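J.: What follows is final35.txt, made up of compact mmCIF, C-alpha atoms:
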# COMPACT_ATOMS: atom_id res chain seq x y z
CA MET A 1 -25.62 70.01 -133.75
CA THR A 2 -22.50 69.03 -131.85
CA HIS A 3 -19.00 69.64 -133.11
CA PRO A 4 -16.99 66.89 -134.81
CA PRO A 5 -14.12 65.25 -132.95
CA ASP A 6 -10.76 67.02 -132.85
CA ASP A 7 -9.23 64.40 -135.13
CA ALA A 8 -11.81 64.96 -137.90
CA PRO A 9 -10.12 65.32 -141.30
CA ARG A 10 -9.30 68.84 -142.38
CA ASP A 11 -8.55 70.25 -145.80
CA ASP A 12 -5.91 72.94 -145.44
CA ARG A 13 -6.16 73.74 -149.13
CA THR A 14 -9.57 75.35 -148.64
CA HIS A 15 -9.42 79.02 -147.70
CA LEU A 16 -12.28 81.35 -146.93
CA PRO A 17 -12.28 85.02 -145.89
CA PRO A 18 -12.02 85.43 -142.10
CA PRO A 19 -15.13 86.53 -140.23
CA PRO A 20 -15.57 90.30 -139.89
CA LYS A 21 -13.87 91.79 -136.87
CA LEU A 22 -12.82 95.16 -135.50
CA THR A 23 -9.32 96.04 -136.67
CA ASP A 24 -7.02 98.62 -135.05
CA GLU A 25 -8.17 101.09 -137.70
CA HIS A 26 -11.80 100.44 -136.79
CA LEU A 27 -11.09 100.90 -133.10
CA ASP A 28 -9.19 104.13 -133.73
CA ARG A 29 -12.08 105.56 -135.70
CA LEU A 30 -14.57 104.46 -133.08
CA GLU A 31 -12.39 106.01 -130.38
CA ARG A 32 -12.27 109.32 -132.25
CA GLY A 33 -16.05 109.30 -132.43
CA LEU A 34 -16.47 108.47 -128.77
CA ARG A 35 -14.21 111.34 -127.76
CA GLN A 36 -17.24 113.48 -128.48
CA VAL A 37 -18.60 112.09 -125.23
CA ALA A 38 -16.37 114.48 -123.35
CA ARG A 39 -18.35 117.33 -124.84
CA VAL A 40 -21.65 115.88 -123.68
CA PRO A 41 -21.69 115.94 -119.88
CA GLY A 42 -24.17 113.56 -118.27
CA ARG A 43 -25.11 111.73 -121.46
CA ALA A 44 -22.11 109.46 -121.94
CA GLU A 45 -24.04 106.36 -120.86
CA GLU A 46 -26.85 107.10 -123.32
CA LEU A 47 -24.35 107.48 -126.13
CA LEU A 48 -22.51 104.29 -125.26
CA ASN A 49 -25.79 102.36 -125.14
CA ALA A 50 -26.67 103.80 -128.54
CA VAL A 51 -23.29 102.72 -129.94
CA LEU A 52 -23.85 99.18 -128.65
CA GLU A 53 -27.32 99.15 -130.17
CA VAL A 54 -26.14 99.95 -133.71
CA SER A 55 -23.15 97.60 -133.44
CA LYS A 56 -24.90 94.37 -132.51
CA GLU A 57 -26.46 93.64 -135.91
CA LEU A 58 -24.72 92.32 -139.04
CA GLN A 59 -27.45 92.36 -141.70
CA LEU A 60 -26.88 95.62 -143.60
CA ASP A 61 -30.55 96.61 -144.02
CA VAL A 62 -31.18 95.91 -140.34
CA VAL A 63 -28.09 97.95 -139.39
CA LEU A 64 -29.25 100.96 -141.42
CA HIS A 65 -32.72 100.95 -139.86
CA ARG A 66 -31.21 100.45 -136.40
CA ILE A 67 -28.95 103.48 -136.90
CA ALA A 68 -31.87 105.72 -137.91
CA ASP A 69 -34.06 104.55 -135.01
CA THR A 70 -31.26 104.80 -132.45
CA ALA A 71 -30.26 108.29 -133.54
CA ARG A 72 -33.84 109.51 -133.25
CA ASP A 73 -34.19 108.02 -129.76
CA LEU A 74 -30.84 109.36 -128.59
CA ILE A 75 -31.44 112.96 -129.68
CA ARG A 76 -35.17 112.77 -128.85
CA ALA A 77 -36.18 113.80 -132.35
CA ARG A 78 -39.54 113.27 -133.95
CA TYR A 79 -38.19 112.20 -137.32
CA GLY A 80 -34.99 110.50 -138.35
CA GLY A 81 -33.39 109.17 -141.46
CA LEU A 82 -30.27 107.88 -143.10
CA GLY A 83 -29.55 108.99 -146.64
CA VAL A 84 -27.28 106.58 -148.53
CA LEU A 85 -25.21 108.03 -151.39
CA SER A 86 -24.38 106.40 -154.69
CA ASP A 87 -20.86 106.37 -156.12
CA THR A 88 -21.69 109.61 -157.91
CA GLY A 89 -22.68 111.35 -154.67
CA ARG A 90 -26.44 111.32 -155.20
CA PHE A 91 -29.00 110.04 -152.73
CA CYS A 92 -29.89 106.50 -153.81
CA LYS A 93 -31.66 105.23 -150.69
CA VAL A 94 -33.29 106.86 -147.68
CA ILE A 95 -34.05 104.93 -144.49
CA THR A 96 -36.65 106.75 -142.39
CA SER A 97 -37.71 106.53 -138.76
CA GLY A 98 -40.72 107.98 -136.98
CA PHE A 99 -42.81 108.62 -140.06
CA THR A 100 -46.52 107.81 -140.22
CA ALA A 101 -48.95 107.49 -143.11
CA ALA A 102 -50.11 111.05 -142.45
CA ASP A 103 -46.63 112.49 -142.98
CA GLU A 104 -45.94 113.92 -146.40
CA PRO A 105 -42.27 113.62 -147.38
CA GLY A 106 -40.66 116.32 -149.48
CA ALA A 107 -40.33 115.55 -153.16
CA GLY A 108 -37.20 117.52 -154.03
CA GLN A 109 -33.51 116.69 -153.85
CA GLY A 110 -30.45 118.59 -152.70
CA GLY A 111 -30.72 121.28 -150.06
CA PRO A 112 -28.60 121.29 -146.87
CA LEU A 113 -28.04 117.53 -146.98
CA SER A 114 -26.83 117.74 -150.55
CA GLY A 115 -24.31 120.36 -149.44
CA LEU A 116 -22.83 117.84 -147.05
CA CYS A 117 -21.87 115.69 -150.03
CA HIS A 118 -19.19 118.26 -150.75
CA GLU A 119 -18.43 119.67 -147.30
CA GLY A 120 -18.65 116.47 -145.24
CA LEU A 121 -19.45 118.49 -142.11
CA PRO A 122 -22.23 118.32 -139.50
CA LEU A 123 -25.10 120.64 -140.23
CA SER A 124 -27.81 122.13 -138.08
CA VAL A 125 -30.78 124.27 -139.06
CA GLY A 126 -32.53 126.02 -136.22
CA ASN A 127 -36.26 126.59 -135.76
CA ARG A 128 -37.74 129.11 -138.14
CA THR A 129 -41.07 129.73 -136.40
CA GLY A 130 -42.75 126.91 -138.21
CA GLN A 131 -41.32 127.84 -141.59
CA PRO A 132 -39.64 125.03 -143.54
CA PRO A 133 -36.02 125.33 -144.71
CA SER A 134 -35.60 127.40 -147.83
CA THR A 135 -34.36 124.43 -149.88
CA ASP A 136 -35.83 121.02 -150.50
CA LEU A 137 -34.86 117.83 -148.68
CA PRO A 138 -34.18 114.44 -150.29
CA PRO A 139 -37.02 112.04 -151.13
CA GLY A 140 -38.53 110.42 -148.05
CA HIS A 141 -37.74 113.31 -145.70
CA LEU A 142 -40.49 115.31 -144.08
CA ARG A 143 -40.25 119.05 -144.63
CA THR A 144 -39.25 120.33 -141.22
CA SER A 145 -38.19 123.64 -139.67
CA SER A 146 -35.55 122.04 -137.44
CA LEU A 147 -32.83 119.88 -138.95
CA LEU A 148 -29.67 118.25 -137.68
CA ALA A 149 -27.35 116.11 -139.78
CA ALA A 150 -23.95 114.42 -139.65
CA PRO A 151 -21.96 112.57 -142.30
CA ILE A 152 -21.27 108.83 -142.07
CA ARG A 153 -17.93 107.70 -143.44
CA VAL A 154 -16.88 104.14 -144.18
CA ARG A 155 -13.12 103.77 -144.65
CA ASP A 156 -12.85 107.53 -145.08
CA LYS A 157 -15.33 107.48 -147.95
CA LEU A 158 -18.58 109.38 -147.55
CA TYR A 159 -21.29 106.72 -147.28
CA GLY A 160 -24.28 108.92 -146.49
CA HIS A 161 -25.80 111.25 -143.95
CA LEU A 162 -27.60 110.69 -140.70
CA TYR A 163 -30.21 113.35 -140.16
CA LEU A 164 -32.92 114.28 -137.69
CA GLY A 165 -35.91 116.62 -137.83
CA SER A 166 -38.00 118.38 -135.19
CA LYS A 167 -37.20 117.65 -131.55
CA THR A 168 -40.12 116.21 -129.64
CA SER A 169 -39.84 119.10 -127.15
CA GLY A 170 -40.32 121.65 -129.92
CA GLU A 171 -36.96 123.26 -129.14
CA ALA A 172 -34.11 123.79 -131.56
CA PHE A 173 -31.26 121.30 -131.79
CA THR A 174 -28.29 122.22 -129.60
CA THR A 175 -24.53 121.91 -129.81
CA GLU A 176 -24.82 118.98 -127.40
CA ASP A 177 -27.20 117.24 -129.82
CA GLU A 178 -24.75 117.86 -132.66
CA ASN A 179 -21.87 116.33 -130.69
CA LEU A 180 -23.95 113.30 -129.80
CA LEU A 181 -25.01 112.75 -133.40
CA THR A 182 -21.44 113.17 -134.66
CA ALA A 183 -20.21 110.54 -132.21
CA LEU A 184 -22.98 108.15 -133.14
CA ALA A 185 -22.27 108.67 -136.85
CA GLY A 186 -18.66 107.61 -136.23
CA ALA A 187 -19.81 104.36 -134.61
CA ALA A 188 -22.39 103.90 -137.38
CA GLY A 189 -19.60 103.91 -139.98
CA VAL A 190 -17.89 101.03 -138.21
CA ALA A 191 -21.18 99.10 -137.91
CA ILE A 192 -21.91 99.57 -141.62
CA GLU A 193 -18.43 98.41 -142.59
CA ASN A 194 -18.76 95.29 -140.45
CA ALA A 195 -22.13 94.54 -142.05
CA ARG A 196 -20.62 94.88 -145.53
CA LEU A 197 -17.73 92.58 -144.59
CA TYR A 198 -20.26 90.11 -143.22
CA GLN A 199 -22.11 90.11 -146.54
CA GLN A 200 -18.88 89.47 -148.44
CA VAL A 201 -17.91 86.54 -146.22
CA ARG A 202 -21.42 85.13 -146.32
CA GLN A 203 -21.50 85.30 -150.11
CA ALA A 204 -18.13 83.56 -150.40
CA THR A 205 -19.23 80.87 -147.94
CA GLU A 206 -22.49 80.22 -149.76
CA GLU A 207 -20.78 80.07 -153.15
CA PHE A 208 -18.29 77.54 -151.79
CA GLN A 209 -21.04 75.37 -150.32
CA ARG A 210 -23.19 75.47 -153.44
CA GLY A 211 -20.15 74.71 -155.58
CA ILE A 212 -19.76 71.26 -154.02
CA LEU A 213 -23.43 70.34 -154.36
CA PRO A 214 -24.42 68.47 -157.55
CA GLU A 215 -26.72 69.56 -160.34
CA LEU A 216 -29.83 67.41 -160.57
CA PRO A 217 -30.19 65.18 -163.64
CA ARG A 218 -33.29 64.93 -165.82
CA LEU A 219 -35.06 61.63 -165.20
CA GLU A 220 -38.04 60.18 -167.01
CA GLY A 221 -41.16 59.94 -164.87
CA LEU A 222 -39.81 62.21 -162.10
CA GLU A 223 -39.73 65.92 -161.40
CA LEU A 224 -36.83 66.98 -159.19
CA GLN A 225 -36.08 70.04 -157.09
CA ALA A 226 -33.35 70.78 -154.53
CA ARG A 227 -32.64 73.67 -152.20
CA TYR A 228 -29.69 74.68 -150.05
CA GLN A 229 -30.27 77.42 -147.48
CA PRO A 230 -27.30 78.47 -145.33
CA SER A 231 -27.75 79.66 -141.79
CA THR A 232 -28.60 83.36 -141.54
CA GLU A 233 -27.00 83.70 -138.12
CA ALA A 234 -23.39 83.73 -139.27
CA PRO A 235 -21.46 83.09 -142.46
CA ARG A 236 -20.27 79.56 -141.92
CA ILE A 237 -19.78 76.40 -143.91
CA GLY A 238 -21.85 73.48 -142.76
CA GLY A 239 -22.06 69.76 -143.27
CA ASP A 240 -25.49 69.55 -144.95
CA TRP A 241 -25.71 68.06 -148.43
CA TYR A 242 -27.95 66.33 -150.94
CA ASP A 243 -27.18 64.07 -153.90
CA LEU A 244 -28.96 62.00 -156.53
CA ILE A 245 -27.51 59.32 -158.80
CA ARG A 246 -28.93 56.73 -161.15
CA LEU A 247 -27.74 53.25 -160.18
CA PRO A 248 -26.68 50.55 -162.66
CA ASP A 249 -30.20 49.07 -162.51
CA ARG A 250 -31.45 52.54 -163.68
CA VAL A 251 -33.18 53.21 -160.36
CA PRO A 252 -32.75 56.76 -158.99
CA CYS A 253 -31.12 56.93 -155.58
CA LEU A 254 -31.75 60.02 -153.41
CA MET A 255 -29.34 60.87 -150.60
CA VAL A 256 -29.39 63.61 -147.95
CA GLY A 257 -27.00 63.93 -145.04
CA ASP A 258 -25.78 66.18 -142.27
CA VAL A 259 -22.34 66.02 -140.67
CA MET A 260 -22.29 67.14 -137.08
CA GLY A 261 -20.51 70.47 -136.65
CA HIS A 262 -19.72 73.47 -138.81
CA GLY A 263 -16.73 74.98 -140.53
CA ILE A 264 -14.08 73.64 -142.86
CA ALA A 265 -13.80 70.38 -140.89
CA ALA A 266 -17.53 69.61 -141.30
CA ALA A 267 -17.44 70.55 -145.00
CA THR A 268 -14.42 68.29 -145.56
CA VAL A 269 -16.06 65.31 -143.84
CA MET A 270 -19.27 66.02 -145.75
CA SER A 271 -17.38 65.91 -149.05
CA GLN A 272 -15.69 62.63 -148.09
CA ILE A 273 -18.94 60.98 -146.99
CA SER A 274 -20.91 62.09 -150.05
CA ASN A 275 -18.19 60.88 -152.42
CA MET A 276 -17.87 57.52 -150.63
CA LEU A 277 -21.62 57.13 -150.56
CA ARG A 278 -21.84 57.58 -154.34
CA VAL A 279 -19.30 54.81 -154.92
CA ILE A 280 -20.76 52.42 -152.34
CA ALA A 281 -24.35 52.98 -153.51
CA PHE A 282 -23.32 52.40 -157.13
CA ASP A 283 -21.56 49.18 -156.15
CA GLU A 284 -24.11 47.79 -153.69
CA GLN A 285 -27.27 49.18 -155.35
CA GLU A 286 -29.60 47.71 -152.74
CA PRO A 287 -30.88 47.43 -150.13
CA PRO A 288 -30.31 50.95 -148.69
CA SER A 289 -29.59 49.52 -145.24
CA ARG A 290 -26.62 47.57 -146.59
CA ILE A 291 -25.27 50.72 -148.24
CA LEU A 292 -25.39 52.54 -144.91
CA ASN A 293 -23.75 49.66 -143.05
CA ARG A 294 -20.88 49.50 -145.52
CA LEU A 295 -20.47 53.29 -145.47
CA ASP A 296 -20.32 53.28 -141.67
CA THR A 297 -17.67 50.54 -141.71
CA VAL A 298 -15.48 52.31 -144.25
CA LEU A 299 -15.71 55.63 -142.41
CA HIS A 300 -14.85 53.92 -139.14
CA GLU A 301 -11.79 52.21 -140.61
CA LEU A 302 -10.45 55.15 -142.61
CA HIS A 303 -11.51 58.22 -140.64
CA GLY A 304 -12.27 57.11 -137.12
CA GLY A 305 -16.05 57.13 -137.54
CA PRO A 306 -17.16 60.78 -137.91
CA MET A 307 -20.69 61.50 -136.68
CA ALA A 308 -23.29 62.14 -139.35
CA THR A 309 -26.91 61.42 -140.18
CA VAL A 310 -27.79 60.10 -143.63
CA ILE A 311 -30.93 58.95 -145.42
CA ILE A 312 -30.91 56.93 -148.66
CA ALA A 313 -34.00 56.30 -150.79
CA ARG A 314 -34.50 54.29 -153.99
CA LEU A 315 -37.43 55.16 -156.27
CA GLU A 316 -38.15 51.84 -157.98
CA PRO A 317 -40.71 51.45 -160.83
CA HIS A 318 -43.92 49.97 -159.47
CA GLY A 319 -47.15 49.78 -161.47
CA ASP A 320 -48.26 53.28 -162.42
CA GLY A 321 -46.03 54.88 -159.80
CA ARG A 322 -42.94 54.13 -157.74
CA ARG A 323 -41.94 52.13 -154.70
CA LEU A 324 -39.91 54.14 -152.19
CA GLN A 325 -37.36 51.90 -150.49
CA TRP A 326 -35.37 53.76 -147.86
CA ALA A 327 -33.11 53.47 -144.82
CA SER A 328 -31.91 56.03 -142.32
CA ALA A 329 -28.88 56.46 -140.11
CA GLY A 330 -30.37 58.72 -137.47
CA HIS A 331 -31.84 61.05 -140.10
CA LEU A 332 -35.37 62.42 -140.26
CA PRO A 333 -37.77 60.15 -142.21
CA PRO A 334 -39.16 61.12 -145.64
CA LEU A 335 -42.00 63.63 -145.88
CA ILE A 336 -44.68 62.39 -148.29
CA ALA A 337 -47.29 64.64 -149.94
CA THR A 338 -50.08 63.06 -152.00
CA PRO A 339 -52.27 64.61 -154.72
CA ASP A 340 -55.34 64.40 -152.47
CA GLY A 341 -53.87 67.21 -150.35
CA ARG A 342 -52.43 65.13 -147.53
CA ALA A 343 -48.89 65.01 -146.16
CA ARG A 344 -47.12 63.06 -143.45
CA TYR A 345 -43.73 61.89 -142.29
CA LEU A 346 -43.28 58.14 -142.64
CA ALA A 347 -43.30 56.46 -139.24
CA ALA A 348 -40.26 54.22 -138.74
CA ASP A 349 -37.29 53.55 -136.52
CA ILE A 350 -34.59 55.80 -138.00
CA GLY A 351 -31.75 54.13 -136.08
CA LEU A 352 -28.54 55.74 -134.86
CA PRO A 353 -26.24 58.13 -136.75
CA LEU A 354 -23.11 57.00 -138.53
CA GLY A 355 -20.08 56.86 -136.26
CA VAL A 356 -21.78 55.23 -133.27
CA ASP A 357 -21.33 51.50 -134.00
CA PRO A 358 -20.72 50.19 -137.54
CA ASP A 359 -21.92 46.71 -136.51
CA LEU A 360 -25.42 47.86 -135.60
CA PRO A 361 -28.10 46.47 -137.95
CA ARG A 362 -30.23 48.96 -139.88
CA ASP A 363 -33.77 48.53 -141.17
CA ASN A 364 -35.24 48.96 -144.64
CA HIS A 365 -38.63 50.56 -145.15
CA GLU A 366 -41.00 50.74 -148.09
CA GLU A 367 -43.81 53.01 -149.24
CA GLU A 368 -45.82 52.96 -152.47
CA LEU A 369 -46.11 56.28 -154.29
CA ARG A 370 -48.75 56.78 -156.96
CA ALA A 371 -48.46 59.37 -159.73
CA GLY A 372 -48.62 62.91 -158.36
CA SER A 373 -47.07 61.98 -155.03
CA THR A 374 -44.03 63.82 -153.72
CA VAL A 375 -41.23 62.68 -151.44
CA VAL A 376 -39.15 65.31 -149.61
CA LEU A 377 -35.87 64.52 -147.87
CA HIS A 378 -34.33 67.31 -145.78
CA THR A 379 -31.93 68.06 -142.95
CA ASP A 380 -33.15 69.03 -139.49
CA GLY A 381 -32.50 72.76 -139.98
CA LEU A 382 -35.90 72.95 -141.69
CA VAL A 383 -37.88 71.81 -138.65
CA GLU A 384 -35.62 72.09 -135.59
CA HIS A 385 -35.92 75.42 -133.79
CA ARG A 386 -34.88 76.73 -130.41
CA ALA A 387 -38.31 77.68 -129.15
CA ARG A 388 -40.22 74.50 -130.02
CA PRO A 389 -39.79 70.71 -130.04
CA ILE A 390 -38.79 69.11 -133.34
CA ASP A 391 -42.07 67.14 -133.48
CA GLU A 392 -43.97 70.42 -133.63
CA GLY A 393 -41.71 71.66 -136.42
CA MET A 394 -42.31 68.44 -138.37
CA ASP A 395 -46.07 68.77 -137.93
CA GLN A 396 -45.96 72.31 -139.27
CA ALA A 397 -43.81 71.28 -142.23
CA ALA A 398 -46.27 68.52 -143.03
CA GLY A 399 -49.08 71.06 -142.89
CA VAL A 400 -47.29 73.29 -145.40
CA ALA A 401 -46.62 70.31 -147.66
CA ALA A 402 -50.31 69.32 -147.53
CA THR A 403 -51.39 72.83 -148.50
CA LEU A 404 -48.97 72.85 -151.44
CA ALA A 405 -49.32 69.16 -152.37
CA THR A 406 -50.81 70.01 -155.77
CA ALA A 407 -48.78 73.18 -156.37
CA SER A 408 -45.64 73.06 -158.48
CA LEU A 409 -42.74 71.24 -156.88
CA ALA A 410 -40.73 74.47 -156.85
CA GLU A 411 -43.55 76.21 -154.95
CA LEU A 412 -43.69 73.38 -152.43
CA CYS A 413 -39.95 73.52 -151.74
CA ASP A 414 -39.93 77.31 -151.50
CA GLY A 415 -43.01 77.23 -149.27
CA LEU A 416 -41.28 74.93 -146.79
CA LEU A 417 -38.28 77.26 -146.57
CA VAL A 418 -40.39 80.41 -146.29
CA HIS A 419 -42.49 78.92 -143.49
CA SER A 420 -39.41 77.77 -141.59
CA GLU A 421 -37.80 81.19 -141.78
CA ALA A 422 -41.00 83.04 -140.91
CA THR A 423 -41.50 80.89 -137.82
CA GLU A 424 -38.16 81.83 -136.28
CA GLY A 425 -37.33 85.01 -138.17
CA ALA A 426 -34.11 83.42 -139.43
CA PHE A 427 -32.44 80.12 -140.24
CA HIS A 428 -30.49 79.02 -137.18
CA ASP A 429 -28.98 76.07 -139.03
CA ASP A 430 -28.26 75.15 -142.63
CA VAL A 431 -30.95 73.37 -144.63
CA ALA A 432 -30.45 70.87 -147.46
CA LEU A 433 -33.64 69.72 -149.18
CA LEU A 434 -34.21 67.26 -152.04
CA ALA A 435 -37.67 66.59 -153.45
CA ALA A 436 -38.95 64.20 -156.14
CA ARG A 437 -42.46 64.07 -157.61
CA VAL A 438 -43.74 61.00 -159.44
CA THR A 439 -45.16 62.22 -162.75
CA SER A 440 -45.65 58.90 -164.53
CA ALA A 441 -44.39 55.35 -164.72
CA PRO A 442 -40.94 55.17 -166.34
Could you render the structure from this file as structure tokens?

T.:
Amino acid sequence: MTHPPDDAPRDDRTHLPPPPKLTDEHLDRLERGLRQVARVPGRAEELLNAVLEVSKELQLDVVLHRIADTARDLIRARYGGLGVLSDTGRFCKVITSGFTAADEPGAGQGGPLSGLCHEGLPLSVGNRTGQPPSTDLPPGHLRTSSLLAAPIRVRDKLYGHLYLGSKTSGEAFTTEDENLLTALAGAAGVAIENARLYQQVRQATEEFQRGILPELPRLEGLELQARYQPSTEAPRIGGDWYDLIRLPDRVPCLMVGDVMGHGIAAATVMSQISNMLRVIAFDEQEPPSRILNRLDTVLHELHGGPMATVIIARLEPHGDGRRLQWASAGHLPPLIATPDGRARYLAADIGLPLGVDPDLPRDNHEEELRAGSTVVLHTDGLVEHRARPIDEGMDQAAGVAATLATASLAELCDGLLVHSEATEGAFHDDVALLAARVTSAP
């Protein structure tokens, strides 16, 4: 989505950890590691490419696997691994590279790698005419007659060991190989630290975002579920939210919105809009279109008309089920799943977002929901992806909802998120999702 205007309200009282970045200390440590290049004539470019490869990821598990794979490719080894140490200095996790189902890893612990826990020095074990080393290797490591290892330090604390076994050429590891691996281990320490900082910032960001989202009430005749999924691309606060209140006429009112932009500014505007919307909806009650018109006018007068999409839906008692009365300000329409295993997005003119023209008229729409039916409101991060049109994403979401129409509401919501992530391999935008299932007449 686009960024909010420069004059969007900001809340200077809100502070979050800065995004991870290379400090002078990081650069010094990386420089010390890269000095090993001078000892490796003709292979500087390979080493630098390897350093870039391990430094371009921020998810810790991905970083660890990338380090093991890159080290094996750089040194041209058959097997590779990264042994992670616990606080007590024992191997607690081993990431392997190059292993197949036919390989039988050693079952023991300790050995040369364990010695590094105390010495913190590179280690090499030459070929022994096919004979394995005299001591066992940690779990997950193939018993091999040729071993090369180097310690990985994060902030001068021993994090683990990067090790390789059996060169593809059958030769023994050389001093040049040892220098290359030592340099790569230095860069790996920086990459691991950045990934850990990323996790810390991401956790703080997600906790902040979830902290300003409401808990869902218990309502007779309805089952409710909500989900908030932050973007997996970068730790950032967004403008996606959901809310649900019971109006004075006892009718539940569902609200989902998305402020254009990201960061503190978007989160601040989101908080202002959601709070105003609660008050206006409680005062106006109905129809939803009038609530949106009044919200747009107030935002325009007080805050210059920030851009946002919003959908409001009332679930009114109707016979044995409910009547869904809804209006949208540029937001995706409701997704309806019925107990006969069908699902579809309601076809309607969704209008323009808030912040375009507060005098524009908005339409109301209605849909009857019988017992067992589910309505899902969500932001576009669930269906909008870079490699496909949004209509295709909506069709796929409807397909998932149809498959899970009779599953538990929690399974349906989780299934939508899992499918969205699996399609792209990540969430490129935040997702707010609010679902209600009609269980009986109130």

J.: Take the point (-43.2, 80.2, -140.9) as written in the file and pick out every residue within 12 Å of it, counting only C-alpha atoms; give the list as a list of chain:residue names.

T.: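 The distance filter leaves exactly A:Leu382, A:Val383, A:His385, A:Gly393, A:Gln396, A:Ala397, A:Gly399, A:Val400, A:Asp414, A:Gly415, A:Leu416, A:Leu417, A:Val418, A:His419, A:Ser420, A:Glu421, A:Ala422, A:Thr423, A:Glu424, A:Gly425, A:Ala426, A:Phe427.
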
J.: Which polymer residues have any atom within 12 Å of an atom of Gly221 in chain A, counting all atoms listed in the file, with same-chain residues fewer than 3 positions away left out, as a list in words?

T.: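 What passes the distance filter is Arg218, Leu224, Val251, Pro252, Leu315, Glu316, Pro317, His318, Asp320, Gly321, Arg322, Arg370, Ala371, Gly372, Ser373, Ala436, Arg437, Val438, Thr439, Ser440, Ala441 and Pro442 of chain A.
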
J.: Which residue is closest to Leu412 in chain A? Choose from A:Ala398, A:Arg362, A:Leu197, A:Ala50 and count all atoms listed in the file.

T.: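 For Leu412 in chain A, the nearest of the candidates is A:Ala398.
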
J.: Skipping near chain neighbours, those fewer than 4 positions away, what residues fall within 10 Å of Met276 in chain A using only C-alpha atoms, listed as a PyMOL selection string?

T.: chain A and resi 270-272+280-282+294-295+298-299

J.: Got a sec to check which residues sit within 7 Å of (-24.0, 61.4, -148.5), counting all atoms listed in the file, and write them as a compact mmCIF listing (two decimals) with C-alpha atoms, keeping the file's coordinate frame?

T.:
# COMPACT_ATOMS: atom_id res chain seq x y z
CA TRP A 241 -25.71 68.06 -148.43
CA TYR A 242 -27.95 66.33 -150.94
CA ASP A 243 -27.18 64.07 -153.90
CA MET A 255 -29.34 60.87 -150.60
CA VAL A 256 -29.39 63.61 -147.95
CA GLY A 257 -27.00 63.93 -145.04
CA ILE A 273 -18.94 60.98 -146.99
CA SER A 274 -20.91 62.09 -150.05
CA LEU A 277 -21.62 57.13 -150.56
CA VAL A 310 -27.79 60.10 -143.63

J.: When you count all atoms listed in the file, which of these residues is closest to Arg72 in chain A: A:Val54, A:Asp156, A:Gln59, A:Gly165?

T.: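 With all atoms listed in the file as the atom set, the closest residue is A:Gly165.
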
J.: In Å, rounded to a single decimal, give me how far CA of Val190 in chain A is from CA of Gly160 in chain A.

T.: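 Distance reported for this atom pair: 13.1 Å.
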
J.: Which distance in Å separates CA of Leu434 in chain A and CA of Ala337 in chain A, to one decimal?

T.: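 CA of Ala337 in chain A lies 13.5 Å from CA of Leu434 in chain A.
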
J.: From the list A:Ala405, A:Met307, A:Arg314, A:Thr379, which residue is nearest Val356 in chain A when using all atoms listed in the file?

T.: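 So, comparing all the options, the nearest one is A:Met307.
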
J.: Enter the distance from CA of Lys157 in chain A to CA of Glu53 in chain A, in Å, rounded to one decimal.

T.: 23.0 Å

J.: Smallest atom-to-atom distance to Thr297 in chain A: which of A:Val269, A:Leu360, A:Ala401, A:Val51, using only C-alpha atoms?

T.: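 Using only C-alpha atoms, Thr297 in chain A sits closest to A:Leu360.
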
J.: Please output range 44-53 of chain A, rebuilt to include N, CA and C atoms, as a short mmCIF file (atom, residue, chain, number, x, y, z; two decimals), in the frame of the given file.

T.:
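This went into out20.cif:
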data_model
loop_
_atom_site.label_atom_id
_atom_site.label_comp_id
_atom_site.auth_asym_id
_atom_site.auth_seq_id
_atom_site.Cartn_x
_atom_site.Cartn_y
_atom_site.Cartn_z
N ALA A 44 -23.06 110.44 -121.42
CA ALA A 44 -22.11 109.46 -121.94
C ALA A 44 -22.73 108.07 -121.97
N GLU A 45 -23.47 107.70 -120.92
CA GLU A 45 -24.04 106.36 -120.86
C GLU A 45 -25.08 106.17 -121.97
N GLU A 46 -25.88 107.20 -122.24
CA GLU A 46 -26.85 107.10 -123.32
C GLU A 46 -26.16 106.88 -124.65
N LEU A 47 -25.07 107.61 -124.87
CA LEU A 47 -24.35 107.48 -126.13
C LEU A 47 -23.74 106.09 -126.26
N LEU A 48 -23.12 105.62 -125.20
CA LEU A 48 -22.51 104.29 -125.26
C LEU A 48 -23.55 103.20 -125.51
N ASN A 49 -24.72 103.33 -124.89
CA ASN A 49 -25.79 102.36 -125.14
C ASN A 49 -26.25 102.42 -126.60
N ALA A 50 -26.28 103.64 -127.14
CA ALA A 50 -26.67 103.80 -128.54
C ALA A 50 -25.64 103.15 -129.46
N VAL A 51 -24.36 103.32 -129.14
CA VAL A 51 -23.29 102.72 -129.94
C VAL A 51 -23.42 101.19 -129.93
N LEU A 52 -23.66 100.62 -128.76
CA LEU A 52 -23.85 99.18 -128.65
C LEU A 52 -25.05 98.71 -129.46
N GLU A 53 -26.10 99.53 -129.47
CA GLU A 53 -27.32 99.15 -130.17
C GLU A 53 -27.08 99.03 -131.68
#
